[in-house]
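Have a look at data.pdb below; it lists PDB, C-alpha atoms.
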```pdb
MODEL        1
ATOM      1  CA  MET A   1       0.000   0.000   0.000
ATOM      2  CA  GLU A   2       1.365   3.422  -0.919
ATOM      3  CA  PRO A   3       2.412   5.703   1.964
ATOM      4  CA  ASP A   4      -0.576   8.032   1.571
ATOM      5  CA  ALA A   5      -3.124   5.219   1.257
ATOM      6  CA  PRO A   6      -4.061   4.952   4.968
ATOM      7  CA  LEU A   7      -5.109   8.617   5.151
ATOM      8  CA  ARG A   8      -6.812   8.365   1.775
ATOM      9  CA  GLU A   9      -8.845   5.412   3.021
ATOM     10  CA  ARG A  10      -9.622   7.218   6.269
ATOM     11  CA  LEU A  11     -11.130  10.098   4.311
ATOM     12  CA  ILE A  12     -13.310   7.631   2.412
ATOM     13  CA  ASP A  13     -14.249   5.836   5.647
ATOM     14  CA  VAL A  14     -15.374   9.124   7.167
ATOM     15  CA  GLY A  15     -17.405   9.947   4.060
ATOM     16  CA  VAL A  16     -19.063   6.534   4.110
ATOM     17  CA  GLU A  17     -20.041   6.952   7.752
ATOM     18  CA  LEU A  18     -21.347  10.474   7.132
ATOM     19  CA  VAL A  19     -23.526   9.527   4.185
ATOM     20  CA  ARG A  20     -24.942   6.538   6.056
ATOM     21  CA  THR A  21     -25.794   8.459   9.209
ATOM     22  CA  GLU A  22     -26.488  11.994   7.961
ATOM     23  CA  GLY A  23     -27.183  11.745   4.235
ATOM     24  CA  THR A  24     -25.532  13.153   1.133
ATOM     25  CA  GLY A  25     -25.931  16.761   2.259
ATOM     26  CA  SER A  26     -23.278  16.175   4.917
ATOM     27  CA  LEU A  27     -20.490  15.335   2.460
ATOM     28  CA  GLY A  28     -18.670  18.654   2.336
ATOM     29  CA  LEU A  29     -14.900  18.573   2.032
ATOM     30  CA  ARG A  30     -14.449  20.635   5.184
ATOM     31  CA  GLU A  31     -16.701  18.382   7.257
ATOM     32  CA  ILE A  32     -14.974  15.229   6.022
ATOM     33  CA  ALA A  33     -11.588  16.757   6.795
ATOM     34  CA  ARG A  34     -12.762  17.824  10.256
ATOM     35  CA  ARG A  35     -14.086  14.350  11.077
ATOM     36  CA  ALA A  36     -10.865  12.779   9.774
ATOM     37  CA  GLU A  37      -8.896  15.231  11.946
ATOM     38  CA  VAL A  38      -6.826  16.643   9.096
ATOM     39  CA  SER A  39      -6.473  20.133   7.659
ATOM     40  CA  HIS A  40      -9.180  21.471   5.358
ATOM     41  CA  GLY A  41      -6.819  21.263   2.420
ATOM     42  CA  ALA A  42      -5.671  17.698   3.069
ATOM     43  CA  PRO A  43      -8.380  15.943   0.978
ATOM     44  CA  ARG A  44      -7.131  17.795  -2.116
ATOM     45  CA  ARG A  45      -3.832  15.910  -1.874
ATOM     46  CA  TYR A  46      -5.664  12.650  -2.544
ATOM     47  CA  PHE A  47      -8.779  13.798  -4.404
ATOM     48  CA  PRO A  48      -8.264  16.618  -6.893
ATOM     49  CA  THR A  49     -11.982  17.462  -6.949
ATOM     50  CA  HIS A  50     -14.920  17.111  -4.611
ATOM     51  CA  GLN A  51     -16.507  14.808  -7.208
ATOM     52  CA  SER A  52     -13.551  12.437  -7.144
ATOM     53  CA  LEU A  53     -13.926  12.010  -3.372
ATOM     54  CA  LEU A  54     -17.681  11.478  -3.676
ATOM     55  CA  SER A  55     -17.051   8.898  -6.407
ATOM     56  CA  ALA A  56     -14.628   7.033  -4.147
ATOM     57  CA  ILE A  57     -17.276   6.968  -1.412
ATOM     58  CA  ALA A  58     -19.932   5.768  -3.864
ATOM     59  CA  ARG A  59     -17.605   2.994  -5.090
ATOM     60  CA  ARG A  60     -17.765   1.562  -1.570
ATOM     61  CA  GLY A  61     -21.532   1.401  -1.972
ATOM     62  CA  PHE A  62     -21.253  -0.527  -5.227
ATOM     63  CA  GLY A  63     -18.796  -2.858  -3.528
ATOM     64  CA  ASP A  64     -21.315  -3.538  -0.756
ATOM     65  CA  LEU A  65     -24.102  -4.064  -3.285
ATOM     66  CA  GLY A  66     -21.875  -6.443  -5.233
ATOM     67  CA  THR A  67     -21.317  -8.460  -2.054
ATOM     68  CA  ARG A  68     -25.066  -8.743  -1.591
ATOM     69  CA  PHE A  69     -25.433  -9.870  -5.195
ATOM     70  CA  LEU A  70     -22.849 -12.594  -4.608
ATOM     71  CA  ALA A  71     -24.724 -13.751  -1.520
ATOM     72  CA  ALA A  72     -27.980 -13.801  -3.498
ATOM     73  CA  GLY A  73     -26.468 -16.330  -5.891
ATOM     74  CA  ALA A  74     -24.482 -18.338  -3.353
ATOM     75  CA  GLU A  75     -26.795 -21.347  -3.528
ATOM     76  CA  ARG A  76     -26.807 -21.311  -7.351
ATOM     77  CA  PRO A  77     -30.554 -20.853  -7.817
ATOM     78  CA  ALA A  78     -32.272 -21.286 -11.188
ATOM     79  CA  PRO A  79     -31.990 -18.144 -13.376
ATOM     80  CA  ARG A  80     -35.449 -16.711 -12.676
ATOM     81  CA  GLU A  81     -35.177 -17.270  -8.934
ATOM     82  CA  HIS A  82     -31.667 -15.808  -9.056
ATOM     83  CA  VAL A  83     -33.069 -12.652 -10.690
ATOM     84  CA  ARG A  84     -35.723 -12.449  -7.981
ATOM     85  CA  ALA A  85     -33.025 -12.765  -5.319
ATOM     86  CA  LEU A  86     -30.998  -9.992  -6.959
ATOM     87  CA  GLY A  87     -34.091  -7.810  -7.075
ATOM     88  CA  ARG A  88     -34.743  -8.272  -3.382
ATOM     89  CA  ALA A  89     -31.090  -7.585  -2.593
ATOM     90  CA  TYR A  90     -31.133  -4.418  -4.706
ATOM     91  CA  VAL A  91     -34.320  -3.013  -3.211
ATOM     92  CA  GLY A  92     -33.273  -4.060   0.294
ATOM     93  CA  TYR A  93     -29.962  -2.231  -0.023
ATOM     94  CA  ALA A  94     -31.697   0.891  -1.360
ATOM     95  CA  LEU A  95     -34.027   1.017   1.631
ATOM     96  CA  GLU A  96     -31.412   0.187   4.254
ATOM     97  CA  GLN A  97     -28.810   2.632   2.880
ATOM     98  CA  PRO A  98     -30.821   5.457   1.262
ATOM     99  CA  GLY A  99     -28.062   8.057   1.470
ATOM    100  CA  MET A 100     -25.479   5.805  -0.131
ATOM    101  CA  PHE A 101     -27.969   4.613  -2.732
ATOM    102  CA  GLU A 102     -28.714   8.224  -3.717
ATOM    103  CA  LEU A 103     -25.004   8.995  -4.005
ATOM    104  CA  MET A 104     -24.287   5.886  -6.087
ATOM    105  CA  PHE A 105     -26.707   6.927  -8.803
ATOM    106  CA  ARG A 106     -25.933  10.618  -9.056
ATOM    107  CA  HIS A 107     -25.626  11.324 -12.762
ATOM    108  CA  ASP A 108     -22.689  13.708 -12.442
ATOM    109  CA  LEU A 109     -20.668  11.022 -10.652
ATOM    110  CA  LEU A 110     -21.649   8.199 -12.994
ATOM    111  CA  ASP A 111     -20.928  10.375 -16.035
ATOM    112  CA  SER A 112     -17.360  10.953 -14.775
ATOM    113  CA  SER A 113     -16.562  13.331 -17.645
ATOM    114  CA  GLY A 114     -13.808  15.765 -16.812
ATOM    115  CA  GLN A 115     -12.862  13.981 -13.623
ATOM    116  CA  GLU A 116      -9.238  13.240 -12.923
ATOM    117  CA  PRO A 117      -8.332   9.702 -11.833
ATOM    118  CA  SER A 118      -8.190   9.305  -8.049
ATOM    119  CA  GLY A 119      -6.683   5.888  -7.552
ATOM    120  CA  GLY A 120      -9.662   3.808  -8.655
ATOM    121  CA  PRO A 121     -11.888   2.977 -11.613
ATOM    122  CA  ARG A 122     -14.447   5.450 -12.866
ATOM    123  CA  LEU A 123     -17.677   5.049 -10.931
ATOM    124  CA  ARG A 124     -19.681   3.994 -14.005
ATOM    125  CA  GLU A 125     -17.263   1.102 -14.548
ATOM    126  CA  GLN A 126     -18.375  -0.439 -11.255
ATOM    127  CA  THR A 127     -21.974  -0.664 -12.436
ATOM    128  CA  LEU A 128     -21.081  -2.733 -15.510
ATOM    129  CA  PRO A 129     -20.343  -6.111 -13.827
ATOM    130  CA  LEU A 130     -23.586  -5.899 -11.845
ATOM    131  CA  PHE A 131     -25.603  -5.048 -14.936
ATOM    132  CA  GLY A 132     -23.739  -7.732 -16.871
ATOM    133  CA  LEU A 133     -24.739 -10.316 -14.268
ATOM    134  CA  LEU A 134     -28.386  -9.277 -14.521
ATOM    135  CA  THR A 135     -28.278  -9.305 -18.328
ATOM    136  CA  GLY A 136     -26.782 -12.792 -18.408
ATOM    137  CA  LEU A 137     -29.454 -14.146 -16.093
ATOM    138  CA  VAL A 138     -32.223 -12.450 -18.062
ATOM    139  CA  GLY A 139     -30.841 -14.059 -21.215
ATOM    140  CA  ALA A 140     -30.818 -17.444 -19.489
ATOM    141  CA  CYS A 141     -34.512 -16.921 -18.749
ATOM    142  CA  GLY A 142     -35.170 -16.730 -22.498
ATOM    143  CA  ALA A 143     -35.553 -12.991 -23.093
ATOM    144  CA  ALA A 144     -35.252 -12.097 -26.781
ATOM    145  CA  GLU A 145     -33.353  -8.860 -26.052
ATOM    146  CA  PRO A 146     -31.598  -9.513 -22.750
ATOM    147  CA  GLU A 147     -29.891  -6.134 -22.439
ATOM    148  CA  VAL A 148     -33.074  -4.150 -23.123
ATOM    149  CA  THR A 149     -35.135  -6.381 -20.837
ATOM    150  CA  ALA A 150     -32.524  -6.169 -18.090
ATOM    151  CA  ALA A 151     -32.470  -2.362 -18.353
ATOM    152  CA  ALA A 152     -36.270  -2.196 -18.136
ATOM    153  CA  LEU A 153     -36.247  -4.599 -15.176
ATOM    154  CA  TRP A 154     -33.578  -2.546 -13.420
ATOM    155  CA  ALA A 155     -35.669   0.604 -13.939
ATOM    156  CA  GLY A 156     -38.682  -1.163 -12.446
ATOM    157  CA  LEU A 157     -36.765  -2.298  -9.390
ATOM    158  CA  HIS A 158     -35.296   1.173  -8.936
ATOM    159  CA  GLY A 159     -38.805   2.600  -9.071
ATOM    160  CA  VAL A 160     -40.048   0.158  -6.428
ATOM    161  CA  ALA A 161     -37.114   1.100  -4.196
ATOM    162  CA  GLN A 162     -37.737   4.824  -4.528
ATOM    163  CA  LEU A 163     -41.533   4.727  -4.202
ATOM    164  CA  TRP A 164     -41.331   2.384  -1.214
ATOM    165  CA  GLY A 165     -38.713   4.622   0.377
ATOM    166  CA  TYR A 166     -40.938   7.679  -0.170
ATOM    167  CA  GLY A 167     -43.768   5.841   1.567
ATOM    168  CA  SER A 168     -46.011   5.993  -1.513
ATOM    169  CA  LEU A 169     -46.192   2.249  -2.265
ATOM    170  CA  PRO A 170     -46.773   1.149   1.345
ATOM    171  CA  LEU A 171     -49.608   3.675   1.494
ATOM    172  CA  VAL A 172     -51.433   2.549  -1.643
ATOM    173  CA  ILE A 173     -51.141  -1.186  -0.921
ATOM    174  CA  GLY A 174     -51.845  -0.892   2.783
ATOM    175  CA  ALA A 175     -48.455  -2.105   3.971
ATOM    176  CA  ASP A 176     -47.668  -0.534   7.340
ATOM    177  CA  THR A 177     -43.890  -0.273   7.677
ATOM    178  CA  GLY A 178     -44.054   1.240  11.159
ATOM    179  CA  ASN A 179     -40.883   3.217  11.806
ATOM    180  CA  GLY A 180     -38.675   0.953   9.698
ATOM    181  CA  THR A 181     -38.146   0.191   6.025
ATOM    182  CA  GLY A 182     -40.566  -2.704   5.829
ATOM    183  CA  THR A 183     -37.864  -5.022   4.509
ATOM    184  CA  GLY A 184     -38.136  -7.678   7.222
ATOM    185  CA  ALA A 185     -38.882 -11.089   5.736
ATOM    186  CA  ASP A 186     -41.051 -12.015   8.725
ATOM    187  CA  ASP A 187     -43.344  -8.992   8.783
ATOM    188  CA  ALA A 188     -46.377  -8.284   6.619
ATOM    189  CA  ALA A 189     -44.857  -5.213   4.964
ATOM    190  CA  GLY A 190     -41.696  -7.149   4.129
ATOM    191  CA  ARG A 191     -43.737  -9.902   2.505
ATOM    192  CA  ARG A 192     -45.681  -7.366   0.438
ATOM    193  CA  LEU A 193     -42.458  -5.747  -0.664
ATOM    194  CA  ALA A 194     -40.985  -9.109  -1.692
ATOM    195  CA  ALA A 195     -44.173  -9.836  -3.642
ATOM    196  CA  LEU A 196     -43.824  -6.485  -5.430
ATOM    197  CA  VAL A 197     -40.246  -7.268  -6.400
ATOM    198  CA  ASP A 198     -41.268 -10.688  -7.695
ATOM    199  CA  ALA A 199     -44.122  -9.112  -9.666
ATOM    200  CA  VAL A 200     -41.712  -6.685 -11.360
ATOM    201  CA  VAL A 201     -39.395  -9.560 -12.279
ATOM    202  CA  ASP A 202     -42.216 -11.706 -13.642
ATOM    203  CA  ALA A 203     -43.719  -8.784 -15.570
ATOM    204  CA  HIS A 204     -40.463  -8.372 -17.496
ATOM    205  CA  LEU A 205     -39.523 -12.021 -17.873
ATOM    206  CA  GLY A 206     -43.001 -13.254 -18.749
ATOM    207  CA  ALA A 207     -44.540 -16.560 -17.776
ATOM    208  CA  GLY A 208     -42.145 -19.387 -17.172
ATOM    209  CA  PRO A 209     -40.712 -21.757 -14.592
ATOM    210  CA  ALA A 210     -38.858 -20.402 -11.588
TER
ENDMDL
END
```
Show how you would write the structure in this file as structure tokens.
Amino acid sequence: MEPDAPLRERLIDVGVELVRTEGTGSLGLREIARRAEVSHGAPRRYFPTHQSLLSAIARRGFGDLGTRFLAAGAERPAPREHVRALGRAYVGYALEQPGMFELMFRHDLLDSSGQEPSGGPRLREQTLPLFGLLTGLVGACGAAEPEVTAAALWAGLHGVAQLWGYGSLPLVIGADTGNGTGTGADDAAGRRLAALVDAVVDAHLGAGPA
């Protein structure tokens, strides 16, 4: 590890903790530097722009989501059930980590144009393996245009995550989430959410075996 790497990682660690506990509005350079106990100018030595630091924080989110995707396929389920498991993992992550999820899909960070390298891949490059996994599974389910179907399915899952997080979907389907996210597998709201995810998957993949 390069000499500056520990401090670089500490800055990212602080950013990750801030976005998880206080949301994306807390991710100012000065606040991150203060929490990391370094000078206000120190982050610029490792991240030439504010965007490059935010991208590094968001990459952690994609890493965590990737880990959940791996766990969803650990038992090697059939393709359709694997897609359902990925959908539940995706929506579950979005609801459990709303600040990080928002940061991960900020267009200016995913676009990456004009950003200088900051010791890691461009943020958009971390989305490609996850989308590639989904596309491959959709193809294995028999979709005629796997990439288009996978993109439409992803958009549907993203919509479920956002509308559930806003409280709109629980309201219209009568799913009381209490003070939580309603993602618990053993509660009524969690079961309704899982059914919604499965419905989105089946709507895009059509009728077929699990």
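Ranking A:Leu86, A:Phe47, A:Leu53, A:Leu137 by their shortest atom-to-atom distance to Val14 of chain A, with all atoms listed in the file included, puts A:Leu53 first.
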Taking into account all atoms listed in the file, which residue in the set A:Leu153, A:Ala74, A:Leu29, A:Ala94 is nearest to Gly41 of chain A?
->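 Result for the nearest residue to Gly41 of chain A: A:Leu29.
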With distances taken over all atoms listed in the file, which of A:Ala42, A:Tyr90, A:Leu54, A:Arg34 is nearest to Gly159 of chain A?
->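 Comparing A:Ala42, A:Tyr90, A:Leu54, A:Arg34 against Gly159 of chain A, the winner is A:Tyr90.
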Pick from A:Gly174, A:Gly87, A:Gly136, A:Gly61: nearest to Val160 of chain A, with all atoms listed in the file counted?
->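 The closest residue to Val160 of chain A is A:Gly87.
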Centre and edge lengths, as AutoDock Vina command-line options, for the axis-aligned box enclosing every listed atom of segment 191-204 of chain A with 8 Å of padding on each of the six sides, in Å to one decimal?
```
--center_x -42.5 --center_y -8.7 --center_z -7.5 --size_x 22.3 --size_y 22.0 --size_z 36.0
```
Give me, please, the distance in Å between atom CA of Glu17 of chain A and atom CA of Leu130 of chain A, quoted to one decimal.
->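 Rounded to one decimal, the two atoms are 23.7 Å apart.
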